[in-house]
file model.cif (mmCIF, C-alpha atoms)
data_final
loop_
_atom_site.group_PDB
_atom_site.id
_atom_site.type_symbol
_atom_site.label_atom_id
_atom_site.label_comp_id
_atom_site.auth_asym_id
_atom_site.auth_seq_id
_atom_site.Cartn_x
_atom_site.Cartn_y
_atom_site.Cartn_z
ATOM 1 C CA MET C 383 0.909 -104.583 17.081
ATOM 2 C CA VAL C 384 1.642 -102.494 13.971
ATOM 3 C CA ASN C 385 5.301 -101.446 13.913
ATOM 4 C CA TYR C 386 6.599 -98.169 12.579
ATOM 5 C CA VAL C 387 9.585 -95.880 13.079
ATOM 6 C CA LEU C 388 9.553 -92.147 13.764
ATOM 7 C CA ALA C 389 11.931 -90.232 11.512
ATOM 8 C CA GLY C 390 13.353 -88.462 14.556
ATOM 9 C CA ALA C 391 14.346 -91.751 16.192
ATOM 10 C CA ALA C 392 16.145 -92.894 13.054
ATOM 11 C CA ARG C 393 17.886 -89.536 12.775
ATOM 12 C CA THR C 394 19.044 -89.705 16.402
ATOM 13 C CA GLN C 395 20.417 -93.208 15.841
ATOM 14 C CA ALA C 396 22.150 -92.046 12.661
ATOM 15 C CA ALA C 397 23.825 -89.180 14.527
ATOM 16 C CA ALA C 398 25.173 -91.684 17.067
ATOM 17 C CA MET C 399 26.465 -93.827 14.202
ATOM 18 C CA ILE C 400 28.288 -90.863 12.683
ATOM 19 C CA THR C 401 29.816 -89.988 16.063
ATOM 20 C CA GLU C 402 31.063 -93.541 16.550
ATOM 21 C CA LEU C 403 32.449 -93.700 13.010
ATOM 22 C CA GLU C 404 34.391 -90.468 13.502
ATOM 23 C CA THR C 405 35.731 -91.779 16.804
ATOM 24 C CA VAL C 406 37.178 -94.958 15.311
ATOM 25 C CA ARG C 407 38.101 -93.454 11.929
ATOM 26 C CA PRO C 408 38.557 -89.654 12.119
ATOM 27 C CA GLY C 409 37.818 -87.842 8.876
ATOM 28 C CA ALA C 410 35.841 -90.756 7.414
ATOM 29 C CA VAL C 411 32.590 -88.811 7.040
ATOM 30 C CA LYS C 412 34.191 -86.183 4.814
ATOM 31 C CA LEU C 413 35.845 -88.804 2.635
ATOM 32 C CA LEU C 414 32.641 -90.824 2.348
ATOM 33 C CA ALA C 415 30.702 -87.724 1.324
ATOM 34 C CA GLN C 416 33.143 -87.190 -1.542
ATOM 35 C CA GLY C 417 32.738 -90.748 -2.877
ATOM 36 C CA ALA C 418 31.425 -93.425 -0.568
ATOM 37 C CA LEU C 419 31.892 -96.518 -2.720
ATOM 38 C CA ALA C 420 35.422 -95.594 -3.793
ATOM 39 C CA GLU C 421 36.418 -94.791 -0.211
ATOM 40 C CA LEU C 422 34.980 -98.011 1.229
ATOM 41 C CA ARG C 423 36.934 -100.089 -1.284
ATOM 42 C CA THR C 424 40.126 -98.845 0.428
ATOM 43 C CA TRP C 425 39.087 -100.040 3.909
ATOM 44 C CA PRO C 426 41.044 -103.236 4.639
ATOM 45 C CA GLU C 427 38.577 -104.477 7.264
ATOM 46 C CA LEU C 428 35.717 -104.637 4.725
ATOM 47 C CA THR C 429 35.023 -106.347 1.409
ATOM 48 C CA VAL C 430 32.880 -104.487 -1.114
ATOM 49 C CA LYS C 431 31.166 -106.671 -3.722
ATOM 50 C CA ASP C 432 29.273 -105.634 -6.853
ATOM 51 C CA VAL C 433 26.170 -107.771 -7.434
ATOM 52 C CA PRO C 434 23.395 -107.816 -10.058
ATOM 53 C CA GLU C 435 20.206 -106.009 -9.093
ATOM 54 C CA ASN C 436 18.252 -109.279 -8.804
ATOM 55 C CA GLU C 437 20.726 -110.640 -6.241
ATOM 56 C CA ALA C 438 20.286 -107.765 -3.809
ATOM 57 C CA ALA C 439 18.457 -108.489 -0.550
ATOM 58 C CA GLN C 440 14.700 -107.964 -0.887
ATOM 59 C CA GLY C 441 14.173 -107.324 2.816
ATOM 60 C CA CYS C 442 16.332 -104.195 2.735
ATOM 61 C CA SER C 443 15.116 -100.730 1.733
ATOM 62 C CA VAL C 444 17.917 -100.520 -0.861
ATOM 63 C CA ALA C 445 19.414 -102.845 -3.480
ATOM 64 C CA GLY C 446 22.250 -104.116 -1.323
ATOM 65 C CA ALA C 447 23.142 -106.471 1.520
ATOM 66 C CA TYR C 448 25.429 -106.835 4.525
ATOM 67 C CA ASP C 449 27.160 -110.040 5.590
ATOM 68 C CA TYR C 450 29.059 -110.474 8.869
ATOM 69 C CA GLY C 451 31.857 -112.452 7.241
ATOM 70 C CA PRO C 452 34.602 -112.726 8.155
ATOM 71 C CA PRO C 453 35.581 -110.490 6.572
ATOM 72 C CA PRO C 454 32.451 -108.313 6.722
ATOM 73 C CA ARG C 455 31.043 -107.759 3.236
ATOM 74 C CA LEU C 456 28.994 -104.940 1.756
ATOM 75 C CA SER C 457 27.120 -105.949 -1.406
ATOM 76 C CA VAL C 458 25.995 -103.152 -3.715
ATOM 77 C CA ALA C 459 23.795 -103.685 -6.767
ATOM 78 C CA THR C 460 25.227 -102.442 -10.034
ATOM 79 C CA SER C 461 23.462 -99.320 -11.247
ATOM 80 C CA ASN C 462 23.946 -96.605 -13.829
ATOM 81 C CA SER C 463 23.717 -94.049 -11.044
ATOM 82 C CA HIS C 464 26.889 -93.498 -9.013
ATOM 83 C CA ALA C 465 24.828 -91.494 -6.520
ATOM 84 C CA ARG C 466 22.488 -94.429 -5.963
ATOM 85 C CA ARG C 467 25.397 -96.824 -5.435
ATOM 86 C CA ASP C 468 27.022 -94.464 -2.936
ATOM 87 C CA PHE C 469 23.768 -94.291 -0.982
ATOM 88 C CA THR C 470 23.454 -98.078 -0.975
ATOM 89 C CA ALA C 471 27.067 -98.531 0.133
ATOM 90 C CA LEU C 472 26.559 -96.128 3.035
ATOM 91 C CA HIS C 473 23.304 -97.846 3.998
ATOM 92 C CA GLU C 474 25.122 -101.196 4.215
ATOM 93 C CA LEU C 475 27.969 -99.577 6.159
ATOM 94 C CA GLY C 476 25.260 -98.462 8.585
ATOM 95 C CA HIS C 477 24.312 -102.096 9.172
ATOM 96 C CA HIS C 478 27.985 -102.920 9.774
ATOM 97 C CA LEU C 479 28.351 -100.154 12.361
ATOM 98 C CA GLN C 480 25.185 -101.067 14.258
ATOM 99 C CA LYS C 481 25.776 -104.818 14.279
ATOM 100 C CA ASN C 482 29.259 -104.365 15.708
ATOM 101 C CA SER C 483 28.599 -101.878 18.498
ATOM 102 C CA PHE C 484 26.899 -102.622 21.808
ATOM 103 C CA ASP C 485 26.180 -98.916 22.276
ATOM 104 C CA LEU C 486 24.433 -98.655 18.913
ATOM 105 C CA MET C 487 22.464 -101.849 19.499
ATOM 106 C CA GLU C 488 21.200 -100.707 22.915
ATOM 107 C CA PRO C 489 18.214 -98.669 21.540
ATOM 108 C CA PHE C 490 16.927 -101.807 19.792
ATOM 109 C CA SER C 491 15.975 -103.363 23.137
ATOM 110 C CA LYS C 492 13.264 -100.731 23.553
ATOM 111 C CA GLU C 493 11.598 -101.538 20.215
ATOM 112 C CA ALA C 494 8.661 -103.929 19.861
ATOM 113 C CA ASP C 495 10.410 -105.747 16.999
ATOM 114 C CA ARG C 496 13.825 -105.677 18.757
ATOM 115 C CA GLY C 497 15.024 -102.917 16.452
ATOM 116 C CA VAL C 498 14.554 -104.468 13.001
ATOM 117 C CA LEU C 499 12.758 -101.442 11.552
ATOM 118 C CA LEU C 500 14.836 -98.897 13.453
ATOM 119 C CA GLU C 501 18.097 -100.421 12.256
ATOM 120 C CA ASP C 502 17.104 -100.210 8.600
ATOM 121 C CA ALA C 503 15.627 -96.704 8.905
ATOM 122 C CA ALA C 504 18.755 -95.545 10.723
ATOM 123 C CA CYS C 505 20.893 -96.889 7.866
ATOM 124 C CA ASP C 506 18.914 -94.721 5.439
ATOM 125 C CA ALA C 507 19.209 -91.694 7.720
ATOM 126 C CA PHE C 508 22.951 -92.283 8.210
ATOM 127 C CA ALA C 509 23.534 -92.375 4.444
ATOM 128 C CA ALA C 510 21.369 -89.333 3.786
ATOM 129 C CA GLN C 511 22.985 -87.227 6.505
ATOM 130 C CA ILE C 512 26.442 -87.879 5.084
ATOM 131 C CA LEU C 513 25.422 -87.153 1.495
ATOM 132 C CA LEU C 514 23.132 -84.171 2.103
ATOM 133 C CA PRO C 515 24.362 -81.493 4.540
ATOM 134 C CA ALA C 516 21.767 -79.762 6.680
ATOM 135 C CA HIS C 517 22.339 -76.283 5.245
ATOM 136 C CA LEU C 518 21.470 -77.466 1.729
ATOM 137 C CA VAL C 519 18.382 -79.335 2.916
ATOM 138 C CA ASP C 520 17.144 -76.324 4.890
ATOM 139 C CA GLN C 521 17.491 -74.099 1.830
ATOM 140 C CA HIS C 522 14.978 -76.163 -0.117
ATOM 141 C CA LEU C 523 12.590 -77.769 2.373
ATOM 142 C CA ASP C 524 10.201 -75.344 4.038
ATOM 143 C CA ALA C 525 9.633 -75.439 7.789
ATOM 144 C CA LYS C 526 5.997 -76.387 7.108
ATOM 145 C CA GLY C 527 7.188 -79.576 5.433
ATOM 146 C CA PRO C 528 8.253 -80.791 1.983
ATOM 147 C CA THR C 529 6.254 -80.661 -1.214
ATOM 148 C CA ALA C 530 7.021 -83.026 -4.086
ATOM 149 C CA SER C 531 8.284 -80.125 -6.224
ATOM 150 C CA ALA C 532 10.643 -78.966 -3.458
ATOM 151 C CA ILE C 533 12.075 -82.473 -3.156
ATOM 152 C CA THR C 534 12.725 -82.570 -6.895
ATOM 153 C CA LEU C 535 14.467 -79.178 -6.729
ATOM 154 C CA LEU C 536 16.658 -80.355 -3.847
ATOM 155 C CA TRP C 537 17.661 -83.403 -5.893
ATOM 156 C CA GLU C 538 18.445 -81.270 -8.952
ATOM 157 C CA THR C 539 20.553 -78.883 -6.865
ATOM 158 C CA SER C 540 22.509 -81.512 -4.955
ATOM 159 C CA LYS C 541 24.626 -84.372 -6.230
ATOM 160 C CA ALA C 542 22.921 -86.823 -3.898
ATOM 161 C CA SER C 543 20.770 -89.765 -4.980
ATOM 162 C CA ARG C 544 17.004 -89.604 -5.220
ATOM 163 C CA MET C 545 16.894 -91.970 -2.236
ATOM 164 C CA ALA C 546 18.969 -89.672 -0.039
ATOM 165 C CA VAL C 547 16.715 -86.755 -0.904
ATOM 166 C CA CYS C 548 13.604 -88.794 -0.050
ATOM 167 C CA VAL C 549 15.021 -89.704 3.363
ATOM 168 C CA ARG C 550 15.883 -86.101 4.156
ATOM 169 C CA ALA C 551 12.400 -85.032 3.078
ATOM 170 C CA ALA C 552 10.755 -87.671 5.277
ATOM 171 C CA GLN C 553 12.654 -86.222 8.236
ATOM 172 C CA HIS C 554 10.762 -82.973 7.604
ATOM 173 C CA LEU C 555 7.257 -84.426 7.307
ATOM 174 C CA PRO C 556 4.837 -82.449 9.529
ATOM 175 C CA ALA C 557 2.704 -85.535 10.262
ATOM 176 C CA PRO C 558 2.835 -89.321 9.851
ATOM 177 C CA GLY C 559 3.361 -90.234 6.221
ATOM 178 C CA HIS C 560 5.663 -91.403 3.449
ATOM 179 C CA VAL C 561 7.929 -90.041 0.753
ATOM 180 C CA LEU C 562 7.790 -92.439 -2.188
ATOM 181 C CA LEU C 563 9.974 -92.839 -5.252
ATOM 182 C CA LEU C 564 8.168 -94.709 -8.033
ATOM 183 C CA ASP C 565 9.448 -95.929 -11.377
ATOM 184 C CA SER C 566 7.748 -95.124 -14.682
ATOM 185 C CA VAL C 567 5.082 -97.826 -14.302
ATOM 186 C CA GLY C 568 4.413 -97.414 -10.581
ATOM 187 C CA HIS C 569 6.653 -99.917 -8.825
ATOM 188 C CA LEU C 570 8.105 -98.621 -5.572
ATOM 189 C CA ALA C 571 11.825 -97.980 -6.053
ATOM 190 C CA PHE C 572 12.245 -96.579 -2.537
ATOM 191 C CA ALA C 573 10.172 -95.351 0.400
ATOM 192 C CA ALA C 574 11.030 -93.296 3.474
ATOM 193 C CA SER C 575 8.344 -93.442 6.152
ATOM 194 C CA HIS C 576 7.568 -91.537 9.336
ATOM 195 C CA GLY C 577 5.091 -92.798 11.911
ATOM 196 C CA LEU C 578 3.413 -95.268 9.543
ATOM 197 C CA PRO C 579 4.292 -98.886 8.694
ATOM 198 C CA PRO C 580 7.002 -99.053 5.998
ATOM 199 C CA LEU C 581 6.225 -100.081 2.441
ATOM 200 C CA ARG C 582 7.919 -102.917 0.593
ATOM 201 C CA ARG C 583 10.451 -101.996 -2.093
ATOM 202 C CA GLY C 584 9.221 -103.244 -5.461
ATOM 203 C CA SER C 585 5.532 -103.234 -4.506
ATOM 204 C CA PHE C 586 3.141 -101.995 -7.195
ATOM 205 C CA GLN C 587 1.423 -98.686 -6.421
ATOM 206 C CA GLY C 588 0.769 -97.560 -9.982
ATOM 207 C CA ASP C 589 -2.992 -98.139 -9.967
ATOM 208 C CA ILE C 590 -3.935 -96.349 -6.750
ATOM 209 C CA PRO C 591 -5.659 -92.924 -6.959
ATOM 210 C CA VAL C 592 -3.457 -89.863 -7.537
ATOM 211 C CA ILE C 593 -0.454 -92.034 -8.402
ATOM 212 C CA ASP C 594 -2.238 -93.433 -11.449
ATOM 213 C CA ARG C 595 -3.012 -89.916 -12.693
ATOM 214 C CA ALA C 596 0.547 -88.741 -12.042
ATOM 215 C CA LEU C 597 1.986 -91.609 -14.075
ATOM 216 C CA ALA C 598 -0.474 -91.084 -16.938
ATOM 217 C CA GLY C 599 -0.109 -87.297 -17.107
ATOM 218 C CA PRO C 600 2.450 -84.557 -16.478
ATOM 219 C CA GLY C 601 3.354 -85.948 -13.048
ATOM 220 C CA ARG C 602 2.073 -83.082 -10.883
ATOM 221 C CA VAL C 603 -1.131 -84.187 -9.153
ATOM 222 C CA GLN C 604 -2.701 -83.648 -5.734
ATOM 223 C CA GLY C 605 -5.482 -85.528 -3.961
ATOM 224 C CA ARG C 606 -6.073 -88.396 -1.554
ATOM 225 C CA THR C 607 -5.012 -92.008 -1.835
ATOM 226 C CA GLN C 608 -4.338 -95.228 0.063
ATOM 227 C CA VAL C 609 -1.018 -97.008 -0.361
ATOM 228 C CA ARG C 610 -0.860 -100.771 -0.783
ATOM 229 C CA TYR C 611 0.835 -102.946 1.850
ATOM 230 C CA ARG C 612 1.504 -106.689 1.778
ATOM 231 C CA ASP C 613 -1.272 -108.981 0.511
ATOM 232 C CA GLY C 614 -2.982 -106.039 -1.183
ATOM 233 C CA ILE C 615 -4.081 -104.438 2.089
ATOM 234 C CA LEU C 616 -4.724 -100.704 1.712
ATOM 235 C CA GLY C 617 -3.638 -98.293 4.437
ATOM 236 C CA ARG C 618 -5.474 -95.226 5.704
ATOM 237 C CA GLU C 619 -6.318 -92.404 3.321
ATOM 238 C CA LEU C 620 -3.505 -89.881 2.911
ATOM 239 C CA HIS C 621 -3.179 -86.412 1.429
ATOM 240 C CA THR C 622 -0.864 -86.758 -1.581
ATOM 241 C CA ASP C 623 1.302 -84.490 -3.739
ATOM 242 C CA THR C 624 3.388 -85.731 -6.685
ATOM 243 C CA ALA C 625 6.035 -84.401 -9.071
ATOM 244 C CA PRO C 626 8.194 -85.863 -11.861
ATOM 245 C CA MET C 627 11.864 -86.612 -11.129
ATOM 246 C CA ASP C 628 13.628 -87.430 -14.409
ATOM 247 C CA GLY C 629 12.023 -90.756 -15.249
ATOM 248 C CA TYR C 630 10.643 -91.312 -11.765
ATOM 249 C CA THR C 631 7.762 -89.852 -9.760
ATOM 250 C CA VAL C 632 8.181 -88.599 -6.214
ATOM 251 C CA ALA C 633 5.131 -88.536 -3.955
ATOM 252 C CA VAL C 634 4.632 -86.975 -0.532
ATOM 253 C CA LEU C 635 1.816 -88.495 1.539
ATOM 254 C CA VAL C 636 0.689 -87.296 4.982
ATOM 255 C CA THR C 637 -2.214 -87.888 7.351
ATOM 256 C CA ASP C 638 -2.710 -84.139 7.915
ATOM 257 C CA SER C 639 -0.965 -80.721 7.801
ATOM 258 C CA ALA C 640 -0.138 -81.097 4.104
ATOM 259 C CA PRO C 641 2.303 -78.272 3.212
ATOM 260 C CA TRP C 642 0.686 -77.749 -0.199
ATOM 261 C CA ARG C 643 -2.759 -76.934 1.267
ATOM 262 C CA ALA C 644 -3.995 -74.126 3.516
ATOM 263 C CA PHE C 645 -5.977 -76.538 5.677
ATOM 264 C CA THR C 646 -5.925 -80.342 5.761
ATOM 265 C CA PRO C 647 -7.992 -82.110 8.416
ATOM 266 C CA PRO C 648 -6.691 -85.487 9.573
ATOM 267 C CA THR C 649 -7.655 -88.457 7.437
ATOM 268 C CA THR C 650 -9.086 -91.642 8.912
#
call {"tool": "encode", "arguments": {"input": "model.cif", "output": "structure tokens"}}
result
Amino acid sequence: MVNYVLAGAARTQAAAMITELETVRPGAVKLLAQGALAELRTWPELTVKDVPENEAAQGCSVAGAYDYGPPPRLSVATSNSHARRDFTALHELGHHLQKNSFDLMEPFSKEADRGVLLEDAACDAFAAQILLPAHLVDQHLDAKGPTASAITLLWETSKASRMAVCVRAAQHLPAPGHVLLLDSVGHLAFAASHGLPPLRRGSFQGDIPVIDRALAGPGRVQGRTQVRYRDGILGRELHTDTAPMDGYTVAVLVTDSAPWRAFTPPTT
């Protein structure tokens, strides 16, 4: 069975996480939104550790890790971007909340993989919902779904990380697909998926159609492509739209209903 997570399920889980956090620590969400890493360093029940990028957990969607302890420890990879580190810290806090709450773990029992994918996707959604308020997201992402240019504009307008913006955009996808953040040579820095199997952070996507042209040119390209999963396996063909994002490339990929086209029949 191929496992995937719907963005709506992750968002629902994230909302429950925020509710539980506010119950046990009122006012925490507001303080975390103002500076997550700095705020978490003041929590006596947690240890926050800075680690080199190459020591971050590879199985996680971000460059960080969570350890039960005791005491529980959030590891966050050092980065030049404070926004990226705040997102990572909140993602790891999401693991802490879910692994220490029977109520939050209950939805995992309904998942084919016992909640492995849902837990990680919910951590991303939890971080993004704290860092990017709904009113700001709704101002930039059209009801028909996000384009790559709209995602870039949302990032430029907000103070949130590129990762947070990608997660919020994936929540608005009109069909199964991905929002990808790629570095200058085409390695996957981050991916937010909806209704399709997730992609591995660090995987090379720089030579697949559309992405290769975006990296070689001005960054704004549209077309169809197939993303690469483990062992070089290519997924189904997807409608794709790309845009530059200050040294990175953001790509929106969907099976159908592409917001940048008047009509997009489903791919196979």
call {"tool": "closest_residue", "arguments": {"input": "model.cif", "among": "C:Thr460, C:Thr394, C:Thr650, C:Thr631", "to": "C:Ser531", "atoms": "only C-alpha atoms"}}
result
C:Thr631
call {"tool": "residues_near_point", "arguments": {"input": "model.cif", "point": "(-7.6, -93.7, -4.1)", "cutoff": "12 Å", "atoms": "only C-alpha atoms", "output": "PyMOL selection string"}}
result
chain C and resi 587-595+604-610+616-622
call {"tool": "resolve_selection", "arguments": {"input": "model.cif", "expression": "the PyMOL selection byres ((chain C and resi 432) around 9)", "output": "list in words"}}
result
Val430, Lys431, Val433, Pro434, Leu456, Ser457, Val458, Ala459 and Thr460 of chain C
call {"tool": "residues_around", "arguments": {"input": "model.cif", "residues": "stretch 405-419 of chain C", "least_positions_apart": "3", "cutoff": "10 Å", "atoms": "all atoms listed in the file", "output": "PyMOL selection string"}}
result
chain C and resi 399-402+422-424+430+456+458+464-465+467-472+475+509-515+542
call {"tool": "write_last_selection", "arguments": {"input": "model.cif", "atoms": "C-alpha atoms", "output": "PDB file, in the coordinates of the input"}}
result
ATOM      1  CA  MET C 399      26.465 -93.827  14.202  1.00  0.00           C
ATOM      2  CA  ILE C 400      28.288 -90.863  12.683  1.00  0.00           C
ATOM      3  CA  THR C 401      29.816 -89.988  16.063  1.00  0.00           C
ATOM      4  CA  GLU C 402      31.063 -93.541  16.550  1.00  0.00           C
ATOM      5  CA  LEU C 422      34.980 -98.011   1.229  1.00  0.00           C
ATOM      6  CA  ARG C 423      36.934-100.089  -1.284  1.00  0.00           C
ATOM      7  CA  THR C 424      40.126 -98.845   0.428  1.00  0.00           C
ATOM      8  CA  VAL C 430      32.880-104.487  -1.114  1.00  0.00           C
ATOM      9  CA  LEU C 456      28.994-104.940   1.756  1.00  0.00           C
ATOM     10  CA  VAL C 458      25.995-103.152  -3.715  1.00  0.00           C
ATOM     11  CA  HIS C 464      26.889 -93.498  -9.013  1.00  0.00           C
ATOM     12  CA  ALA C 465      24.828 -91.494  -6.520  1.00  0.00           C
ATOM     13  CA  ARG C 467      25.397 -96.824  -5.435  1.00  0.00           C
ATOM     14  CA  ASP C 468      27.022 -94.464  -2.936  1.00  0.00           C
ATOM     15  CA  PHE C 469      23.768 -94.291  -0.982  1.00  0.00           C
ATOM     16  CA  THR C 470      23.454 -98.078  -0.975  1.00  0.00           C
ATOM     17  CA  ALA C 471      27.067 -98.531   0.133  1.00  0.00           C
ATOM     18  CA  LEU C 472      26.559 -96.128   3.035  1.00  0.00           C
ATOM     19  CA  LEU C 475      27.969 -99.577   6.159  1.00  0.00           C
ATOM     20  CA  ALA C 509      23.534 -92.375   4.444  1.00  0.00           C
ATOM     21  CA  ALA C 510      21.369 -89.333   3.786  1.00  0.00           C
ATOM     22  CA  GLN C 511      22.985 -87.227   6.505  1.00  0.00           C
ATOM     23  CA  ILE C 512      26.442 -87.879   5.084  1.00  0.00           C
ATOM     24  CA  LEU C 513      25.422 -87.153   1.495  1.00  0.00           C
ATOM     25  CA  LEU C 514      23.132 -84.171   2.103  1.00  0.00           C
ATOM     26  CA  PRO C 515      24.362 -81.493   4.540  1.00  0.00           C
ATOM     27  CA  ALA C 542      22.921 -86.823  -3.898  1.00  0.00           C
TER      28      ALA C 542
END
call {"tool": "closest_residue", "arguments": {"input": "model.cif", "among": "C:Leu635, C:Leu499, C:Ala392, C:Met627", "to": "C:Gly527", "atoms": "only C-alpha atoms"}}
result
C:Leu635
call {"tool": "resolve_selection", "arguments": {"input": "model.cif", "expression": "the PyMOL selection byres ((chain C and resi 476) around 9)", "output": "VMD selection string"}}
result
chain C and resid 396 399 471 to 475 477 to 481 501 to 502 504 to 506 508 to 509
call {"tool": "resolve_selection", "arguments": {"input": "model.cif", "expression": "the PyMOL selection byres ((chain C and resi 578) around 10)", "output": "list in words"}}
result
Val384, Asn385, Tyr386, Val387, Leu388, Ala557, Pro558, Gly559, His560, Ala574, Ser575, His576, Gly577, Pro579, Pro580, Leu581, Gly617, Arg618, Val636 and Thr637 of chain C
call {"tool": "atom_distance", "arguments": {"input": "model.cif", "atom1": "atom CA of C:Pro453", "atom2": "atom CA of C:Asp485"}}
result
21.7 Å
call {"tool": "atom_distance", "arguments": {"input": "model.cif", "atom1": "atom CA of C:Val549", "atom2": "atom CA of C:Val561"}}
result
7.6 Å
call {"tool": "atom_distance", "arguments": {"input": "model.cif", "atom1": "atom CA of C:Met545", "atom2": "atom CA of C:Pro489"}}
result
24.7 Å
call {"tool": "residues_around", "arguments": {"input": "model.cif", "residues": "C:Asp520", "least_positions_apart": "4", "cutoff": "10 Å", "atoms": "all atoms listed in the file", "output": "PDB file with C-alpha atoms, keeping the file's coordinate frame"}}
result
ATOM      1  CA  PRO C 515      24.362 -81.493   4.540  1.00  0.00           C
ATOM      2  CA  ALA C 516      21.767 -79.762   6.680  1.00  0.00           C
ATOM      3  CA  ASP C 524      10.201 -75.344   4.038  1.00  0.00           C
ATOM      4  CA  ALA C 525       9.633 -75.439   7.789  1.00  0.00           C
ATOM      5  CA  LEU C 536      16.658 -80.355  -3.847  1.00  0.00           C
ATOM      6  CA  ARG C 550      15.883 -86.101   4.156  1.00  0.00           C
ATOM      7  CA  HIS C 554      10.762 -82.973   7.604  1.00  0.00           C
TER       8      HIS C 554
END
call {"tool": "closest_residue", "arguments": {"input": "model.cif", "among": "C:Thr534, C:Ser491, C:Gln521, C:Gln395", "to": "C:Ala507", "atoms": "all atoms listed in the file"}}
result
C:Gln395
call {"tool": "closest_residue", "arguments": {"input": "model.cif", "among": "C:Thr649, C:Ser461, C:Thr429, C:Thr624", "to": "C:Ala445", "atoms": "all atoms listed in the file"}}
result
C:Ser461
call {"tool": "closest_residue", "arguments": {"input": "model.cif", "among": "C:Ser566, C:Leu555, C:Leu403, C:Arg612", "to": "C:Arg582", "atoms": "only C-alpha atoms"}}
result
C:Arg612
call {"tool": "decode", "arguments": {"input": "model.cif", "residues": "stretch 613-618 of chain C", "atoms": "all heavy atoms", "output": "JSON list (two decimals), in the first residue's frame"}}
result
[["chain", "number", "residue", "atom", "x", "y", "z"],
["C", 613, "ASP", "N", 15.18, 5.18, -4.91],
["C", 613, "ASP", "CA", 15.68, 4.24, -5.91],
["C", 613, "ASP", "C", 15.45, 4.71, -7.34],
["C", 613, "ASP", "O", 15.40, 3.90, -8.27],
["C", 613, "ASP", "CB", 15.04, 2.85, -5.71],
["C", 613, "ASP", "CG", 15.30, 2.29, -4.31],
["C", 613, "ASP", "OD1", 16.43, 2.46, -3.81],
["C", 613, "ASP", "OD2", 14.37, 1.69, -3.73],
["C", 614, "GLY", "N", 15.29, 6.02, -7.52],
["C", 614, "GLY", "CA", 15.14, 6.58, -8.86],
["C", 614, "GLY", "C", 13.78, 6.39, -9.49],
["C", 614, "GLY", "O", 13.59, 6.69, -10.67],
["C", 615, "ILE", "N", 12.82, 5.88, -8.74],
["C", 615, "ILE", "CA", 11.48, 5.64, -9.28],
["C", 615, "ILE", "C", 10.78, 6.96, -9.54],
["C", 615, "ILE", "O", 10.73, 7.84, -8.66],
["C", 615, "ILE", "CB", 10.65, 4.77, -8.33],
["C", 615, "ILE", "CG1", 11.30, 3.40, -8.15],
["C", 615, "ILE", "CG2", 9.21, 4.63, -8.83],
["C", 615, "ILE", "CD1", 10.66, 2.55, -7.08],
["C", 616, "LEU", "N", 10.22, 7.13, -10.73],
["C", 616, "LEU", "CA", 9.50, 8.35, -11.09],
["C", 616, "LEU", "C", 8.02, 8.19, -10.80],
["C", 616, "LEU", "O", 7.42, 7.14, -11.06],
["C", 616, "LEU", "CB", 9.71, 8.68, -12.56],
["C", 616, "LEU", "CG", 11.14, 9.05, -12.98],
["C", 616, "LEU", "CD1", 11.22, 9.25, -14.49],
["C", 616, "LEU", "CD2", 11.62, 10.29, -12.25],
["C", 617, "GLY", "N", 7.41, 9.23, -10.25],
["C", 617, "GLY", "CA", 5.99, 9.22, -9.96],
["C", 617, "GLY", "C", 5.17, 9.55, -11.20],
["C", 617, "GLY", "O", 5.69, 9.66, -12.31],
["C", 618, "ARG", "N", 3.88, 9.76, -11.01],
["C", 618, "ARG", "CA", 2.99, 10.09, -12.12],
["C", 618, "ARG", "C", 3.31, 11.48, -12.65],
["C", 618, "ARG", "O", 3.90, 12.32, -11.97],
["C", 618, "ARG", "CB", 1.53, 10.01, -11.69],
["C", 618, "ARG", "CG", 1.13, 11.04, -10.64],
["C", 618, "ARG", "CD", -0.32, 10.89, -10.22],
["C", 618, "ARG", "NE", -1.23, 11.20, -11.30],
["C", 618, "ARG", "CZ", -2.57, 11.15, -11.17],
["C", 618, "ARG", "NH1", -3.11, 10.79, -10.01],
["C", 618, "ARG", "NH2", -3.35, 11.46, -12.18]]
